[in-house]
file final-v1.cif (mmCIF, N, CA and C atoms)
data_entry
#
loop_
_atom_site.label_atom_id
_atom_site.label_comp_id
_atom_site.auth_asym_id
_atom_site.auth_seq_id
_atom_site.Cartn_x
_atom_site.Cartn_y
_atom_site.Cartn_z
N MET U 1289 113.64 90.75 68.68
CA MET U 1289 112.58 91.63 69.13
C MET U 1289 113.04 92.31 70.42
N LEU U 1290 112.60 93.55 70.59
CA LEU U 1290 113.04 94.36 71.72
C LEU U 1290 111.93 94.53 72.76
N VAL U 1291 112.34 94.92 73.95
CA VAL U 1291 111.40 95.16 75.05
C VAL U 1291 110.34 96.17 74.63
N ARG U 1292 110.72 97.22 73.92
CA ARG U 1292 109.75 98.24 73.51
C ARG U 1292 108.64 97.67 72.63
N ASP U 1293 108.93 96.56 71.95
CA ASP U 1293 107.93 95.92 71.09
C ASP U 1293 106.93 95.09 71.89
N ALA U 1294 107.31 94.68 73.09
CA ALA U 1294 106.49 93.78 73.89
C ALA U 1294 105.84 94.45 75.09
N MET U 1295 106.43 95.52 75.58
CA MET U 1295 105.99 96.11 76.85
C MET U 1295 104.60 96.71 76.75
N SER U 1296 103.94 96.73 77.88
CA SER U 1296 102.68 97.44 78.01
C SER U 1296 103.02 98.88 78.37
N THR U 1297 102.42 99.80 77.67
CA THR U 1297 102.64 101.21 77.99
C THR U 1297 101.61 101.74 78.99
N VAL U 1298 100.71 100.85 79.40
CA VAL U 1298 99.77 101.20 80.46
C VAL U 1298 100.50 100.98 81.78
N VAL U 1299 100.95 102.07 82.37
CA VAL U 1299 101.70 101.99 83.62
C VAL U 1299 100.84 102.57 84.72
N LEU U 1300 100.41 101.68 85.60
CA LEU U 1300 99.65 102.13 86.76
C LEU U 1300 100.64 102.60 87.81
N THR U 1301 100.52 103.86 88.21
CA THR U 1301 101.40 104.41 89.24
C THR U 1301 100.55 104.76 90.45
N ILE U 1302 101.00 104.27 91.60
CA ILE U 1302 100.31 104.56 92.86
C ILE U 1302 101.29 105.16 93.84
N GLY U 1303 100.75 105.67 94.94
CA GLY U 1303 101.59 106.23 95.98
C GLY U 1303 101.80 105.22 97.09
N PRO U 1304 102.76 105.46 97.94
CA PRO U 1304 103.08 104.52 99.02
C PRO U 1304 101.98 104.40 100.07
N ALA U 1305 101.09 105.37 100.16
CA ALA U 1305 100.03 105.35 101.17
C ALA U 1305 98.77 104.63 100.70
N HIS U 1306 98.71 104.23 99.45
CA HIS U 1306 97.56 103.45 99.00
C HIS U 1306 97.45 102.18 99.82
N THR U 1307 96.23 101.79 100.17
CA THR U 1307 96.06 100.50 100.83
C THR U 1307 96.20 99.39 99.79
N LEU U 1308 96.43 98.19 100.27
CA LEU U 1308 96.53 97.06 99.34
C LEU U 1308 95.20 96.84 98.62
N ARG U 1309 94.08 97.08 99.30
CA ARG U 1309 92.79 96.93 98.63
C ARG U 1309 92.65 97.96 97.50
N GLN U 1310 93.05 99.20 97.76
CA GLN U 1310 93.00 100.22 96.72
C GLN U 1310 93.89 99.84 95.54
N ALA U 1311 95.08 99.37 95.84
CA ALA U 1311 96.01 98.95 94.79
C ALA U 1311 95.42 97.80 93.98
N ALA U 1312 94.86 96.82 94.68
CA ALA U 1312 94.27 95.67 93.99
C ALA U 1312 93.10 96.10 93.10
N ALA U 1313 92.28 97.01 93.59
CA ALA U 1313 91.14 97.48 92.80
C ALA U 1313 91.61 98.21 91.54
N LEU U 1314 92.63 99.04 91.67
CA LEU U 1314 93.16 99.75 90.51
C LEU U 1314 93.81 98.78 89.52
N MET U 1315 94.56 97.81 90.04
CA MET U 1315 95.21 96.82 89.17
C MET U 1315 94.16 95.99 88.44
N SER U 1316 93.11 95.61 89.14
CA SER U 1316 92.04 94.83 88.53
C SER U 1316 91.32 95.64 87.45
N ALA U 1317 90.99 96.88 87.75
CA ALA U 1317 90.29 97.73 86.79
C ALA U 1317 91.10 97.95 85.52
N ARG U 1318 92.41 98.04 85.67
CA ARG U 1318 93.27 98.27 84.51
C ARG U 1318 93.79 96.98 83.90
N ARG U 1319 93.45 95.86 84.54
CA ARG U 1319 93.85 94.53 84.05
C ARG U 1319 95.36 94.39 83.93
N VAL U 1320 96.07 94.83 85.01
CA VAL U 1320 97.52 94.72 85.07
C VAL U 1320 97.91 93.95 86.33
N GLY U 1321 99.08 93.34 86.30
CA GLY U 1321 99.53 92.53 87.42
C GLY U 1321 100.54 93.21 88.31
N ALA U 1322 100.83 94.48 88.02
CA ALA U 1322 101.82 95.20 88.82
C ALA U 1322 101.54 96.69 88.74
N ALA U 1323 101.95 97.38 89.80
CA ALA U 1323 101.83 98.84 89.84
C ALA U 1323 103.19 99.41 90.21
N VAL U 1324 103.55 100.50 89.57
CA VAL U 1324 104.75 101.23 89.95
C VAL U 1324 104.38 102.08 91.15
N VAL U 1325 105.21 101.99 92.19
CA VAL U 1325 104.97 102.79 93.40
C VAL U 1325 106.00 103.92 93.40
N HIS U 1326 105.49 105.13 93.30
CA HIS U 1326 106.36 106.31 93.28
C HIS U 1326 106.42 106.87 94.70
N ASP U 1327 107.60 106.78 95.29
CA ASP U 1327 107.79 107.24 96.67
C ASP U 1327 109.09 108.05 96.74
N PRO U 1328 109.02 109.35 96.49
CA PRO U 1328 110.25 110.15 96.50
C PRO U 1328 110.96 110.17 97.84
N ASP U 1329 110.22 109.93 98.93
CA ASP U 1329 110.83 109.94 100.26
C ASP U 1329 111.63 108.67 100.54
N ALA U 1330 111.35 107.59 99.82
CA ALA U 1330 112.04 106.33 100.06
C ALA U 1330 112.94 105.92 98.90
N GLY U 1331 113.32 106.86 98.08
CA GLY U 1331 114.28 106.54 97.04
C GLY U 1331 113.73 106.45 95.64
N GLY U 1332 112.46 106.76 95.43
CA GLY U 1332 111.97 106.83 94.07
C GLY U 1332 110.97 105.77 93.67
N ILE U 1333 111.39 104.86 92.79
CA ILE U 1333 110.46 103.94 92.14
C ILE U 1333 110.59 102.53 92.70
N GLY U 1334 109.43 101.96 93.03
CA GLY U 1334 109.35 100.57 93.44
C GLY U 1334 108.25 99.89 92.65
N ILE U 1335 108.01 98.62 92.95
CA ILE U 1335 106.96 97.88 92.25
C ILE U 1335 106.17 97.06 93.26
N LEU U 1336 104.87 97.04 93.08
CA LEU U 1336 103.96 96.23 93.88
C LEU U 1336 103.26 95.29 92.91
N THR U 1337 103.35 93.99 93.17
CA THR U 1337 102.75 93.02 92.26
C THR U 1337 101.58 92.31 92.91
N GLU U 1338 100.82 91.63 92.07
CA GLU U 1338 99.70 90.84 92.57
C GLU U 1338 100.18 89.81 93.59
N ARG U 1339 101.36 89.28 93.40
CA ARG U 1339 101.91 88.31 94.35
C ARG U 1339 102.17 88.95 95.71
N ASP U 1340 102.64 90.20 95.73
CA ASP U 1340 102.86 90.91 96.99
C ASP U 1340 101.55 91.04 97.77
N ILE U 1341 100.48 91.36 97.07
CA ILE U 1341 99.17 91.49 97.71
C ILE U 1341 98.69 90.13 98.21
N LEU U 1342 98.84 89.11 97.38
CA LEU U 1342 98.44 87.76 97.75
C LEU U 1342 99.19 87.28 98.99
N ASN U 1343 100.49 87.53 99.04
CA ASN U 1343 101.29 87.11 100.20
C ASN U 1343 100.81 87.80 101.47
N SER U 1344 100.48 89.07 101.39
CA SER U 1344 99.99 89.80 102.55
C SER U 1344 98.67 89.22 103.05
N VAL U 1345 97.74 89.02 102.14
CA VAL U 1345 96.44 88.46 102.51
C VAL U 1345 96.62 87.05 103.07
N GLY U 1346 97.51 86.27 102.46
CA GLY U 1346 97.78 84.92 102.93
C GLY U 1346 98.33 84.88 104.35
N LEU U 1347 99.02 85.95 104.74
CA LEU U 1347 99.54 86.05 106.10
C LEU U 1347 98.49 86.55 107.09
N GLY U 1348 97.29 86.82 106.59
CA GLY U 1348 96.21 87.29 107.46
C GLY U 1348 96.21 88.79 107.69
N GLN U 1349 96.99 89.52 106.92
CA GLN U 1349 97.02 90.97 107.07
C GLN U 1349 95.78 91.58 106.42
N ASP U 1350 95.38 92.72 106.94
CA ASP U 1350 94.16 93.39 106.49
C ASP U 1350 94.47 94.29 105.29
N PRO U 1351 93.92 93.98 104.11
CA PRO U 1351 94.21 94.79 102.92
C PRO U 1351 93.66 96.22 103.01
N ASP U 1352 92.78 96.46 103.98
CA ASP U 1352 92.25 97.82 104.16
C ASP U 1352 93.16 98.69 105.02
N THR U 1353 94.09 98.08 105.73
CA THR U 1353 95.00 98.87 106.56
C THR U 1353 96.46 98.76 106.13
N GLU U 1354 96.80 97.69 105.43
CA GLU U 1354 98.18 97.53 104.95
C GLU U 1354 98.43 98.51 103.81
N ARG U 1355 99.56 99.19 103.88
CA ARG U 1355 99.91 100.20 102.88
C ARG U 1355 100.90 99.65 101.86
N ALA U 1356 100.83 100.19 100.67
CA ALA U 1356 101.70 99.74 99.57
C ALA U 1356 103.17 99.79 99.95
N HIS U 1357 103.59 100.84 100.65
CA HIS U 1357 105.01 101.00 100.96
C HIS U 1357 105.57 99.82 101.75
N ALA U 1358 104.74 99.17 102.55
CA ALA U 1358 105.22 98.04 103.37
C ALA U 1358 105.41 96.77 102.55
N HIS U 1359 104.93 96.75 101.32
CA HIS U 1359 104.98 95.54 100.50
C HIS U 1359 105.65 95.77 99.15
N THR U 1360 106.17 96.96 98.97
CA THR U 1360 106.79 97.33 97.71
C THR U 1360 108.21 96.81 97.62
N THR U 1361 108.55 96.27 96.46
CA THR U 1361 109.94 95.90 96.19
C THR U 1361 110.65 97.16 95.75
N THR U 1362 111.71 97.52 96.47
CA THR U 1362 112.43 98.75 96.16
C THR U 1362 113.76 98.49 95.46
N ASP U 1363 114.25 97.26 95.51
CA ASP U 1363 115.49 96.94 94.79
C ASP U 1363 115.13 96.42 93.40
N VAL U 1364 114.51 97.29 92.64
CA VAL U 1364 113.93 96.95 91.35
C VAL U 1364 115.03 96.82 90.29
N VAL U 1365 114.88 95.80 89.44
CA VAL U 1365 115.71 95.67 88.25
C VAL U 1365 114.93 96.36 87.13
N PHE U 1366 115.54 97.34 86.52
CA PHE U 1366 114.89 98.08 85.45
C PHE U 1366 115.40 97.60 84.10
N ALA U 1367 114.51 97.62 83.13
CA ALA U 1367 114.88 97.29 81.76
C ALA U 1367 114.90 98.57 80.94
N ALA U 1368 115.64 98.53 79.86
CA ALA U 1368 115.62 99.62 78.88
C ALA U 1368 114.78 99.17 77.70
N PRO U 1369 114.14 100.10 77.01
CA PRO U 1369 113.32 99.72 75.86
C PRO U 1369 114.13 99.02 74.77
N THR U 1370 115.43 99.23 74.78
CA THR U 1370 116.29 98.65 73.75
C THR U 1370 116.85 97.27 74.11
N TRP U 1371 116.53 96.78 75.30
CA TRP U 1371 116.93 95.41 75.64
C TRP U 1371 116.25 94.45 74.69
N THR U 1372 116.90 93.33 74.43
CA THR U 1372 116.23 92.27 73.69
C THR U 1372 115.30 91.53 74.65
N LEU U 1373 114.34 90.82 74.10
CA LEU U 1373 113.46 90.02 74.96
C LEU U 1373 114.25 88.94 75.67
N GLU U 1374 115.31 88.45 75.06
CA GLU U 1374 116.17 87.46 75.71
C GLU U 1374 116.83 88.05 76.95
N GLU U 1375 117.28 89.30 76.85
CA GLU U 1375 117.88 89.96 78.02
C GLU U 1375 116.85 90.14 79.13
N ALA U 1376 115.65 90.51 78.77
CA ALA U 1376 114.59 90.69 79.77
C ALA U 1376 114.25 89.36 80.42
N ALA U 1377 114.11 88.31 79.60
CA ALA U 1377 113.79 86.98 80.14
C ALA U 1377 114.91 86.49 81.05
N HIS U 1378 116.15 86.75 80.68
CA HIS U 1378 117.27 86.34 81.54
C HIS U 1378 117.23 87.08 82.88
N ALA U 1379 116.96 88.38 82.85
CA ALA U 1379 116.89 89.16 84.09
C ALA U 1379 115.78 88.63 84.99
N MET U 1380 114.62 88.30 84.39
CA MET U 1380 113.51 87.77 85.18
C MET U 1380 113.84 86.41 85.77
N THR U 1381 114.42 85.55 84.97
CA THR U 1381 114.78 84.21 85.44
C THR U 1381 115.82 84.31 86.55
N HIS U 1382 116.84 85.12 86.33
CA HIS U 1382 117.92 85.28 87.31
C HIS U 1382 117.41 85.88 88.63
N GLY U 1383 116.48 86.85 88.52
CA GLY U 1383 115.97 87.52 89.72
C GLY U 1383 114.76 86.87 90.36
N GLY U 1384 114.12 85.93 89.65
CA GLY U 1384 112.96 85.25 90.20
C GLY U 1384 111.71 86.11 90.25
N PHE U 1385 111.52 86.98 89.27
CA PHE U 1385 110.32 87.82 89.22
C PHE U 1385 109.72 87.77 87.82
N ARG U 1386 108.48 88.31 87.70
CA ARG U 1386 107.74 88.21 86.45
C ARG U 1386 107.46 89.53 85.76
N HIS U 1387 107.89 90.64 86.36
CA HIS U 1387 107.64 91.97 85.79
C HIS U 1387 108.92 92.80 85.84
N LEU U 1388 109.15 93.56 84.79
CA LEU U 1388 110.26 94.52 84.75
C LEU U 1388 109.68 95.90 84.44
N VAL U 1389 110.06 96.87 85.23
CA VAL U 1389 109.71 98.25 84.92
C VAL U 1389 110.68 98.73 83.85
N VAL U 1390 110.15 99.32 82.81
CA VAL U 1390 110.96 99.81 81.70
C VAL U 1390 111.15 101.31 81.87
N LEU U 1391 112.41 101.72 81.97
CA LEU U 1391 112.72 103.14 82.10
C LEU U 1391 113.26 103.68 80.80
N ASP U 1392 112.79 104.86 80.44
CA ASP U 1392 113.30 105.57 79.28
C ASP U 1392 113.63 106.98 79.76
N ARG U 1393 114.91 107.32 79.71
CA ARG U 1393 115.40 108.62 80.21
C ARG U 1393 115.05 108.82 81.68
N GLY U 1394 115.11 107.74 82.45
CA GLY U 1394 114.88 107.82 83.88
C GLY U 1394 113.44 107.80 84.32
N GLU U 1395 112.51 107.74 83.38
CA GLU U 1395 111.07 107.75 83.70
C GLU U 1395 110.43 106.43 83.29
N PRO U 1396 109.45 105.94 84.07
CA PRO U 1396 108.75 104.71 83.68
C PRO U 1396 108.04 104.88 82.34
N ALA U 1397 108.38 104.02 81.39
CA ALA U 1397 107.79 104.07 80.05
C ALA U 1397 106.87 102.89 79.80
N GLY U 1398 106.98 101.88 80.65
CA GLY U 1398 106.17 100.69 80.47
C GLY U 1398 106.55 99.62 81.45
N ILE U 1399 105.86 98.51 81.33
CA ILE U 1399 106.18 97.31 82.11
C ILE U 1399 106.15 96.14 81.14
N VAL U 1400 107.13 95.28 81.25
CA VAL U 1400 107.14 94.06 80.45
C VAL U 1400 107.03 92.88 81.40
N SER U 1401 106.15 91.96 81.06
CA SER U 1401 105.92 90.79 81.90
C SER U 1401 106.31 89.53 81.13
N VAL U 1402 106.40 88.45 81.85
CA VAL U 1402 106.65 87.16 81.22
C VAL U 1402 105.58 86.90 80.16
N ARG U 1403 104.35 87.21 80.48
CA ARG U 1403 103.24 87.01 79.53
C ARG U 1403 103.47 87.81 78.25
N ASP U 1404 103.95 89.05 78.37
CA ASP U 1404 104.22 89.86 77.19
C ASP U 1404 105.27 89.21 76.30
N ILE U 1405 106.30 88.68 76.93
CA ILE U 1405 107.38 88.04 76.17
C ILE U 1405 106.86 86.79 75.47
N ILE U 1406 106.10 85.98 76.17
CA ILE U 1406 105.55 84.76 75.57
C ILE U 1406 104.65 85.12 74.39
N ARG U 1407 103.84 86.17 74.56
CA ARG U 1407 102.96 86.61 73.48
C ARG U 1407 103.74 86.94 72.21
N CYS U 1408 104.91 87.50 72.38
CA CYS U 1408 105.75 87.84 71.22
C CYS U 1408 106.43 86.62 70.62
N TRP U 1409 106.86 85.72 71.48
CA TRP U 1409 107.61 84.55 71.01
C TRP U 1409 106.73 83.50 70.37
N VAL U 1410 105.54 83.28 70.86
CA VAL U 1410 104.70 82.19 70.37
C VAL U 1410 104.37 82.35 68.89
N PRO U 1411 103.88 83.50 68.44
CA PRO U 1411 103.58 83.60 66.99
C PRO U 1411 104.81 83.35 66.13
N ALA U 1412 105.98 83.84 66.56
CA ALA U 1412 107.20 83.65 65.78
C ALA U 1412 107.56 82.17 65.70
N ARG U 1413 107.36 81.44 66.78
CA ARG U 1413 107.70 80.03 66.80
C ARG U 1413 106.69 79.21 65.99
N GLN U 1414 105.45 79.67 65.91
CA GLN U 1414 104.43 78.94 65.14
C GLN U 1414 104.69 79.02 63.63
N GLN U 1415 105.44 80.02 63.19
CA GLN U 1415 105.72 80.18 61.78
C GLN U 1415 106.85 79.28 61.29
N VAL U 1416 107.61 78.72 62.21
CA VAL U 1416 108.72 77.85 61.85
C VAL U 1416 108.14 76.52 61.37
N PRO U 1417 108.56 76.04 60.18
CA PRO U 1417 108.04 74.77 59.66
C PRO U 1417 108.41 73.61 60.60
N ALA U 1418 107.47 72.70 60.77
CA ALA U 1418 107.66 71.55 61.67
C ALA U 1418 108.47 70.46 61.03
#

call {"tool": "encode", "arguments": {"input": "final-v1.cif", "output": "C-alpha coordinates"}}
result
Amino acid sequence: MLVRDAMSTVVLTIGPAHTLRQAAALMSARRVGAAVVHDPDAGGIGILTERDILNSVGLGQDPDTERAHAHTTTDVVFAAPTWTLEEAAHAMTHGGFRHLVVLDRGEPAGIVSVRDIIRCWVPARQQVPA
(Lines of atoms letter the chains of each structure in order from A and count residues from 1; the text may use other names and numbers.)
(Lines give C-alpha, C1' and ligand atoms only; values in the text may rest on other atoms or scores of the structure.)
Protein backbone atom coordinates (compact mmCIF):
# COMPACT_ATOMS: atom_id res chain seq x y z
CA MET A 1 0.00 0.00 0.00
CA LEU A 2 1.20 3.50 -0.84
CA VAL A 3 1.17 6.83 0.98
CA ARG A 4 -1.41 8.17 -1.49
CA ASP A 5 -3.80 5.42 -0.33
CA ALA A 6 -3.48 6.42 3.34
CA MET A 7 -2.89 10.17 3.37
CA SER A 8 -5.46 12.74 4.30
CA THR A 9 -6.03 15.19 1.48
CA VAL A 10 -7.43 17.71 3.94
CA VAL A 11 -4.40 19.96 4.26
CA LEU A 12 -4.79 22.84 6.65
CA THR A 13 -2.44 25.61 5.57
CA ILE A 14 -1.77 28.58 7.82
CA GLY A 15 0.55 31.55 7.73
CA PRO A 16 3.48 32.21 10.03
CA ALA A 17 1.67 35.09 11.77
CA HIS A 18 -1.23 32.97 13.01
CA THR A 19 -1.30 32.77 16.78
CA LEU A 20 -1.09 29.35 18.38
CA ARG A 21 -4.68 29.76 19.57
CA GLN A 22 -5.83 30.47 16.01
CA ALA A 23 -3.88 27.47 14.74
CA ALA A 24 -5.32 25.23 17.46
CA ALA A 25 -8.87 26.40 16.71
CA LEU A 26 -8.44 25.69 12.99
CA MET A 27 -6.85 22.30 13.66
CA SER A 28 -9.65 21.39 16.06
CA ALA A 29 -12.39 22.50 13.66
CA ARG A 30 -10.88 20.43 10.86
CA ARG A 31 -10.06 17.52 13.19
CA VAL A 32 -6.39 17.39 12.14
CA GLY A 33 -3.25 17.11 14.23
CA ALA A 34 -0.98 19.23 12.08
CA ALA A 35 -1.00 22.32 9.89
CA VAL A 36 1.27 23.16 7.00
CA VAL A 37 2.83 26.57 7.59
CA HIS A 38 3.50 28.40 4.34
CA ASP A 39 6.17 31.04 4.88
CA PRO A 40 7.85 32.15 1.64
CA ASP A 41 10.10 34.54 3.58
CA ALA A 42 11.58 31.73 5.70
CA GLY A 43 12.14 29.12 3.04
CA GLY A 44 8.72 27.80 2.16
CA ILE A 45 6.92 24.96 3.88
CA GLY A 46 7.00 24.00 7.54
CA ILE A 47 4.73 22.04 9.86
CA LEU A 48 3.07 22.93 13.16
CA THR A 49 1.72 20.02 15.16
CA GLU A 50 -0.52 19.64 18.17
CA ARG A 51 2.59 18.68 20.14
CA ASP A 52 4.26 22.00 19.23
CA ILE A 53 1.27 23.87 20.64
CA LEU A 54 1.17 21.68 23.73
CA ASN A 55 4.88 22.23 24.40
CA SER A 56 4.43 26.01 24.15
CA VAL A 57 1.48 26.06 26.54
CA GLY A 58 3.35 23.70 28.88
CA LEU A 59 6.19 26.22 29.03
CA GLY A 60 3.71 28.88 30.14
CA GLN A 61 3.72 30.78 26.86
CA ASP A 62 0.60 32.69 25.87
CA PRO A 63 -1.17 31.05 22.90
CA ASP A 64 -2.76 34.41 22.07
CA THR A 65 0.61 36.08 21.47
CA GLU A 66 2.85 33.21 20.36
CA ARG A 67 3.06 33.01 16.57
CA ALA A 68 3.19 29.87 14.45
CA HIS A 69 6.56 30.79 12.94
CA ALA A 70 8.25 30.54 16.35
CA HIS A 71 7.08 26.94 16.79
CA THR A 72 7.15 25.62 13.25
CA THR A 73 9.42 22.76 12.27
CA THR A 74 11.20 23.93 9.14
CA ASP A 75 13.52 20.96 8.54
CA VAL A 76 10.58 18.93 7.32
CA VAL A 77 10.91 15.42 5.92
CA PHE A 78 8.58 15.21 2.95
CA ALA A 79 6.99 12.06 1.58
CA ALA A 80 6.01 11.32 -1.99
CA PRO A 81 2.59 9.85 -2.76
CA THR A 82 4.39 6.86 -4.26
CA TRP A 83 6.27 5.94 -1.08
CA THR A 84 5.20 2.69 0.51
CA LEU A 85 3.66 2.88 3.96
CA GLU A 86 6.74 1.03 5.21
CA GLU A 87 8.95 3.84 3.89
CA ALA A 88 6.76 6.44 5.58
CA ALA A 89 6.74 4.52 8.86
CA HIS A 90 10.52 4.17 8.71
CA ALA A 91 10.96 7.92 8.12
CA MET A 92 8.67 8.69 11.07
CA THR A 93 10.41 6.24 13.37
CA HIS A 94 13.87 7.42 12.33
CA GLY A 95 12.95 11.11 12.70
CA GLY A 96 10.84 10.78 15.85
CA PHE A 97 7.71 12.45 14.45
CA ARG A 98 4.12 11.42 13.70
CA HIS A 99 3.21 13.41 10.58
CA LEU A 100 4.68 13.63 7.08
CA VAL A 101 3.75 16.32 4.59
CA VAL A 102 3.17 14.70 1.22
CA LEU A 103 4.43 16.68 -1.75
CA ASP A 104 3.32 16.09 -5.30
CA ARG A 105 5.16 18.17 -7.92
CA GLY A 106 6.49 20.41 -5.16
CA GLU A 107 3.07 21.25 -3.70
CA PRO A 108 1.44 19.88 -0.52
CA ALA A 109 -0.96 17.14 -1.60
CA GLY A 110 -1.72 15.68 1.79
CA ILE A 111 -0.50 14.65 5.20
CA VAL A 112 0.04 11.10 6.36
CA SER A 113 0.08 10.34 10.07
CA VAL A 114 0.93 7.30 12.13
CA ARG A 115 -2.82 6.91 12.69
CA ASP A 116 -3.43 6.83 8.92
CA ILE A 117 -0.85 4.08 8.49
CA ILE A 118 -2.28 2.02 11.35
CA ARG A 119 -5.77 2.42 9.88
CA CYS A 120 -4.52 0.86 6.65
CA TRP A 121 -2.52 -1.92 8.26
CA VAL A 122 -5.04 -3.13 10.84
CA PRO A 123 -7.76 -4.33 8.43
CA ALA A 124 -5.14 -6.12 6.32
CA ARG A 125 -3.73 -7.88 9.37
CA GLN A 126 -7.21 -8.89 10.59
CA GLN A 127 -7.78 -10.83 7.36
CA VAL A 128 -4.79 -13.09 7.96
CA PRO A 129 -5.95 -16.47 9.37
CA ALA A 130 -4.92 -17.02 12.99

call {"tool": "atom_distance", "arguments": {"input": "final-v1.cif", "atom1": "atom C of U:Pro1304", "atom2": "atom C of U:Ala1397"}}
result
20.9 Å

call {"tool": "closest_residue", "arguments": {"input": "final-v1.cif", "among": "U:Val1291, U:Ala1323, U:Val1402, U:Ala1368", "to": "U:Thr1381", "atoms": "only C-alpha atoms"}}
result
U:Val1402

call {"tool": "residues_around", "arguments": {"input": "final-v1.cif", "residues": "U:Ile1302", "least_positions_apart": "6", "cutoff": "6.5 Å", "atoms": "all atoms listed in the file", "output": "list in words"}}
result
Ala1323, Val1324, Val1325 and His1326 of chain U

call {"tool": "write_last_selection", "arguments": {"input": "final-v1.cif", "atoms": "N, CA and C atoms", "output": "short mmCIF file (atom, residue, chain, number, x, y, z; two decimals), in the coordinates of the input"}}
result
data_model
loop_
_atom_site.label_atom_id
_atom_site.label_comp_id
_atom_site.auth_asym_id
_atom_site.auth_seq_id
_atom_site.Cartn_x
_atom_site.Cartn_y
_atom_site.Cartn_z
N ALA U 1323 101.95 97.38 89.80
CA ALA U 1323 101.83 98.84 89.84
C ALA U 1323 103.19 99.41 90.21
N VAL U 1324 103.55 100.50 89.57
CA VAL U 1324 104.75 101.23 89.95
C VAL U 1324 104.38 102.08 91.15
N VAL U 1325 105.21 101.99 92.19
CA VAL U 1325 104.97 102.79 93.40
C VAL U 1325 106.00 103.92 93.40
N HIS U 1326 105.49 105.13 93.30
CA HIS U 1326 106.36 106.31 93.28
C HIS U 1326 106.42 106.87 94.70
#

call {"tool": "closest_residue", "arguments": {"input": "final-v1.cif", "among": "U:Val1389, U:Leu1347, U:Ile1405, U:Ala1313", "to": "U:Ala1377", "atoms": "all atoms listed in the file"}}
result
U:Ile1405

call {"tool": "resolve_selection", "arguments": {"input": "final-v1.cif", "expression": "the PyMOL selection byres ((chain U and resi 1307) around 6.5)", "output": "PDB file with N, CA and C atoms, keeping the file's coordinate frame"}}
result
ATOM      1  N   PRO U1304     102.760 105.460  97.940  1.00  0.00           N
ATOM      2  CA  PRO U1304     103.080 104.520  99.020  1.00  0.00           C
ATOM      3  C   PRO U1304     101.980 104.400 100.070  1.00  0.00           C
ATOM      4  N   ALA U1305     101.090 105.370 100.160  1.00  0.00           N
ATOM      5  CA  ALA U1305     100.030 105.350 101.170  1.00  0.00           C
ATOM      6  C   ALA U1305      98.770 104.630 100.700  1.00  0.00           C
ATOM      7  N   HIS U1306      98.710 104.230  99.450  1.00  0.00           N
ATOM      8  CA  HIS U1306      97.560 103.450  99.000  1.00  0.00           C
ATOM      9  C   HIS U1306      97.450 102.180  99.820  1.00  0.00           C
ATOM     10  N   LEU U1308      96.430  98.190 100.270  1.00  0.00           N
ATOM     11  CA  LEU U1308      96.530  97.060  99.340  1.00  0.00           C
ATOM     12  C   LEU U1308      95.200  96.840  98.620  1.00  0.00           C
ATOM     13  N   ARG U1309      94.080  97.080  99.300  1.00  0.00           N
ATOM     14  CA  ARG U1309      92.790  96.930  98.630  1.00  0.00           C
ATOM     15  C   ARG U1309      92.650  97.960  97.500  1.00  0.00           C
ATOM     16  N   GLN U1310      93.050  99.200  97.760  1.00  0.00           N
ATOM     17  CA  GLN U1310      93.000 100.220  96.720  1.00  0.00           C
ATOM     18  C   GLN U1310      93.890  99.840  95.540  1.00  0.00           C
ATOM     19  N   ALA U1311      95.080  99.370  95.840  1.00  0.00           N
ATOM     20  CA  ALA U1311      96.010  98.950  94.790  1.00  0.00           C
ATOM     21  C   ALA U1311      95.420  97.800  93.980  1.00  0.00           C
ATOM     22  N   ALA U1312      94.860  96.820  94.680  1.00  0.00           N
ATOM     23  CA  ALA U1312      94.270  95.670  93.990  1.00  0.00           C
ATOM     24  C   ALA U1312      93.100  96.100  93.100  1.00  0.00           C
ATOM     25  N   PRO U1351      93.920  93.980 104.110  1.00  0.00           N
ATOM     26  CA  PRO U1351      94.210  94.790 102.920  1.00  0.00           C
ATOM     27  C   PRO U1351      93.660  96.220 103.010  1.00  0.00           C
ATOM     28  N   ASP U1352      92.780  96.460 103.980  1.00  0.00           N
ATOM     29  CA  ASP U1352      92.250  97.820 104.160  1.00  0.00           C
ATOM     30  C   ASP U1352      93.160  98.690 105.020  1.00  0.00           C
ATOM     31  N   THR U1353      94.090  98.080 105.730  1.00  0.00           N
ATOM     32  CA  THR U1353      95.000  98.870 106.560  1.00  0.00           C
ATOM     33  C   THR U1353      96.460  98.760 106.130  1.00  0.00           C
ATOM     34  N   GLU U1354      96.800  97.690 105.430  1.00  0.00           N
ATOM     35  CA  GLU U1354      98.180  97.530 104.950  1.00  0.00           C
ATOM     36  C   GLU U1354      98.430  98.510 103.810  1.00  0.00           C
ATOM     37  N   ARG U1355      99.560  99.190 103.880  1.00  0.00           N
ATOM     38  CA  ARG U1355      99.910 100.200 102.880  1.00  0.00           C
ATOM     39  C   ARG U1355     100.900  99.650 101.860  1.00  0.00           C
ATOM     40  N   ALA U1356     100.830 100.190 100.670  1.00  0.00           N
ATOM     41  CA  ALA U1356     101.700  99.740  99.570  1.00  0.00           C
ATOM     42  C   ALA U1356     103.170  99.790  99.950  1.00  0.00           C
TER      43      ALA U1356
END

call {"tool": "atom_distance", "arguments": {"input": "final-v1.cif", "atom1": "atom CA of U:Trp1371", "atom2": "atom CA of U:Leu1290"}}
result
5.6 Å

call {"tool": "closest_atom_pairs", "arguments": {"input": "final-v1.cif", "of": "stretch 1366-1409 of chain U", "to": "stretch 1292-1297 of chain U", "cutoff": "5 Å", "atoms": "all atoms listed in the file", "output": "JSON lines"}}
result
{"residue": "U:Pro1369", "atom": "C", "partner": "U:Arg1292", "partner_atom": "N", "distance": 3.9}
{"residue": "U:Ala1397", "atom": "C", "partner": "U:Thr1297", "partner_atom": "CA", "distance": 4.9}
{"residue": "U:Gly1398", "atom": "CA", "partner": "U:Ser1296", "partner_atom": "C", "distance": 4.2}
{"residue": "U:Ile1399", "atom": "C", "partner": "U:Ser1296", "partner_atom": "N", "distance": 4.0}
{"residue": "U:Val1400", "atom": "CA", "partner": "U:Met1295", "partner_atom": "CA", "distance": 4.3}
